[in-house]
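The next block holds one structure in the form of structure tokens; read it before the comments.
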Amino acid sequence: MKTWYTIKASVQPQKPTEVMIYDEIGGWGVTAAQFVRDVKAIGDGSINVRINSPGGSVFDGLAIYHYLSNRKDVTVTIDGIAASIASIIAMAGSKRVMPESAYLMIHNPWTGAIGDANDLREQADLLDKLGETLAGIYAKCTKKTKDAIRSMMDAETWIDGATALADGFVTEVSDCQPIKANIRSDRFTRAPQSVVQNAAPSELEVDDDVSWVDGPSVSYGEIVEISRNGTLNVPDAGISIVATPEDPAALVKKYQPVAGTDAFIEGELMVGLNFSQITKIEDLKVIEVEDTLEQQITMEKLLNALAGVGLVPSAQIDEDAAVAAFNTAFASVNEAHKTAIEALTCERDALKAKLDEIAKSEIANKVETAIKEGRIKSELKDQWIAQIAANSSALELLNSIPAPAIGADPVGAPSEKPSVDLRAEFDAITDPKKRTAFWSAHKAQLLKS
């Protein structure tokens with residue numbers, strides 16, 4: 001089985017055993033547990049852990065760090081690059097060495113996640129805790145405070161040998177030339193160009209997997225055609241890419257990412273790119289849609305749920321039939337919902353009309369009672385009913401009108417003027433007959449003012 005580390009025992013007993021981590025940590029189905037078992041098997045002698053890695057599994061890397069930091073006489077040598085969780089493993093050595101032009105990189109832990117809001121919040125909380133743990137390890141080994149380390153992690157900081165020595169990330173700088181470290185261009189946002197190399201014209205071939213910058217993100221695909229001179233036409237796009245021997249052009253079948261995983265499926269879109277725009281990707285995981293167990297499980301769960309509420313006849317139907325059945329059932333449910341809403345609206349309107357009739361009947365009864373008691377004039381019945389229906393305060397006014405004295409006239413229709421204004425108008429009348437008529441017409445309101 002291919003692994004991301006190798007162990008080379010020295011033929012000279014006085015020299016340390018070399019443990020080389022030269023790939024992505026935790027890949028190839030090999031875990032930290034296997035790494036620890038293999039290192040333990042060489043005994044308690046001194047070891048030199050040589051690193052040229054872009055990082056990998058955070059939890060595997062932490063397990064390796066804790067194991068190595070508890071061993072005696074561990075030297076760590078950064079041969080080319082120790083990025084991400086590989087830089088944490090580098091902190092495990094009591095002696096830490098790197099060439100001046102090698103790189104150590106620290107950043108915040110990240111992950112891909114799927115689920116509901118609670119699932120994503122849990123992932124965010126976990127990443128925060130991991131970030132604190134990693135910052136604590138860096139701070140313990142260096143001359144930096146934890147807050148300063150967190151700022152460096154936030155910014156994705158690349159550190160060369162001289163800076164690493166000055167800040168305490170390493171204990172010495174060697175004069176060796178670092179091993180070349182080619183990393184995926186999409187993996188980090190601020191990687192020095194010296195460690196991210198686009199493929200030379202002779203290095204790319206048909207069927208190679210590649211990545212390229214695509215707007216704000218990075219895309220992936222497989223080369224299906226190469227032109228080293230002239231033009232390369234992109235199907236269905238109406239464009240051509242100019243190819244030269246110095247910068248050939250490639251027709252690339254774009255991959256589609258599978259959400260929540262590091263896998264891709266083949267897409268239909270063809271993209272034309274020059275070699276200068278693309279980077280070769282090794283061991284990219286490309287899978288067939290029908291072979292994705294996660295998608296099958298998700299579809300089974302969805303079909304079972306839809307069948308459980310009657311939106312599809314059975315969970316044992318194909319996707320096209322399920323979609324058709326769902327659309328039919330949804331349309332039926334939607335129509336039933338619309339009919340129910342219309343029926344409720346009609347019922348509401350009928351009830352409102354009935355309540356309005358009851359209210360009008362009660363108002364009419366109160367006005368007729370006031371007329372029988374001689375409190376208002378009978379010819380003004382309709383005016384009083386209209387006023388009370390429009391403004392409930394008119395009913396209060398009607399109830400406040402007392403029974404008239406023997407020989408007195410009933411009160412007229414209610415005025416829309418405030419009582420204070422009516423009182424001022426009454427006080428301004430000097431003619432006795434007009435004052436009496438005005439009093440009779442507005443008696444109830446004048447008595448309240």
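We label chains A, B, ... in the order they appear in the structure tokens, count residues from 1 in each chain, and number ligands from 1 in the order shown.
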
Can you list, as an MDAnalysis selection string, all residues belonging to segment 88-248 of chain A that DSSP tags as alpha helix (DSSP H)?
-> chainID A and resid 88:90 117:141 146:154 161:167

Strand (DSSP E) per DSSP on the backbone: members of segment 165-410 of chain A, as a PyMOL selection string | chain A and resi 172-174+209-214+217-227+230-234+239-243+249-257+264-274+278-281

Compile a residue-level contact table for segment 113-149 of chain A against segment 92-106 of chain A at a cut-off of 10 Å, reporting for every qualifying residue the shortest atom pair and its distance in Å to one decimal, with only C-alpha atoms counted, rows ordered by chain and ascending number, as JSON lines.
{"residue": "A:Leu134", "atom": "CA", "partner": "A:Ile106", "partner_atom": "CA", "distance": 9.3}
{"residue": "A:Ala135", "atom": "CA", "partner": "A:Ile106", "partner_atom": "CA", "distance": 9.3}
{"residue": "A:Ile137", "atom": "CA", "partner": "A:Ala92", "partner_atom": "CA", "distance": 9.2}
{"residue": "A:Tyr138", "atom": "CA", "partner": "A:Ile106", "partner_atom": "CA", "distance": 9.1}
{"residue": "A:Cys141", "atom": "CA", "partner": "A:Ala92", "partner_atom": "CA", "distance": 8.7}
{"residue": "A:Ile149", "atom": "CA", "partner": "A:Ile106", "partner_atom": "CA", "distance": 8.7}

Near-Lys280 of chain A list (7 Å; only C-alpha atoms; drop same-chain fewer than 4 positions) as a VMD selection string | chain A and resid 199 208 to 211

Min atom-atom distance to Met20 of chain A from the set A:Phe59, A:Asp73, A:Ile89, A:Ser393, counting only C-alpha atoms, belongs to A:Ile89
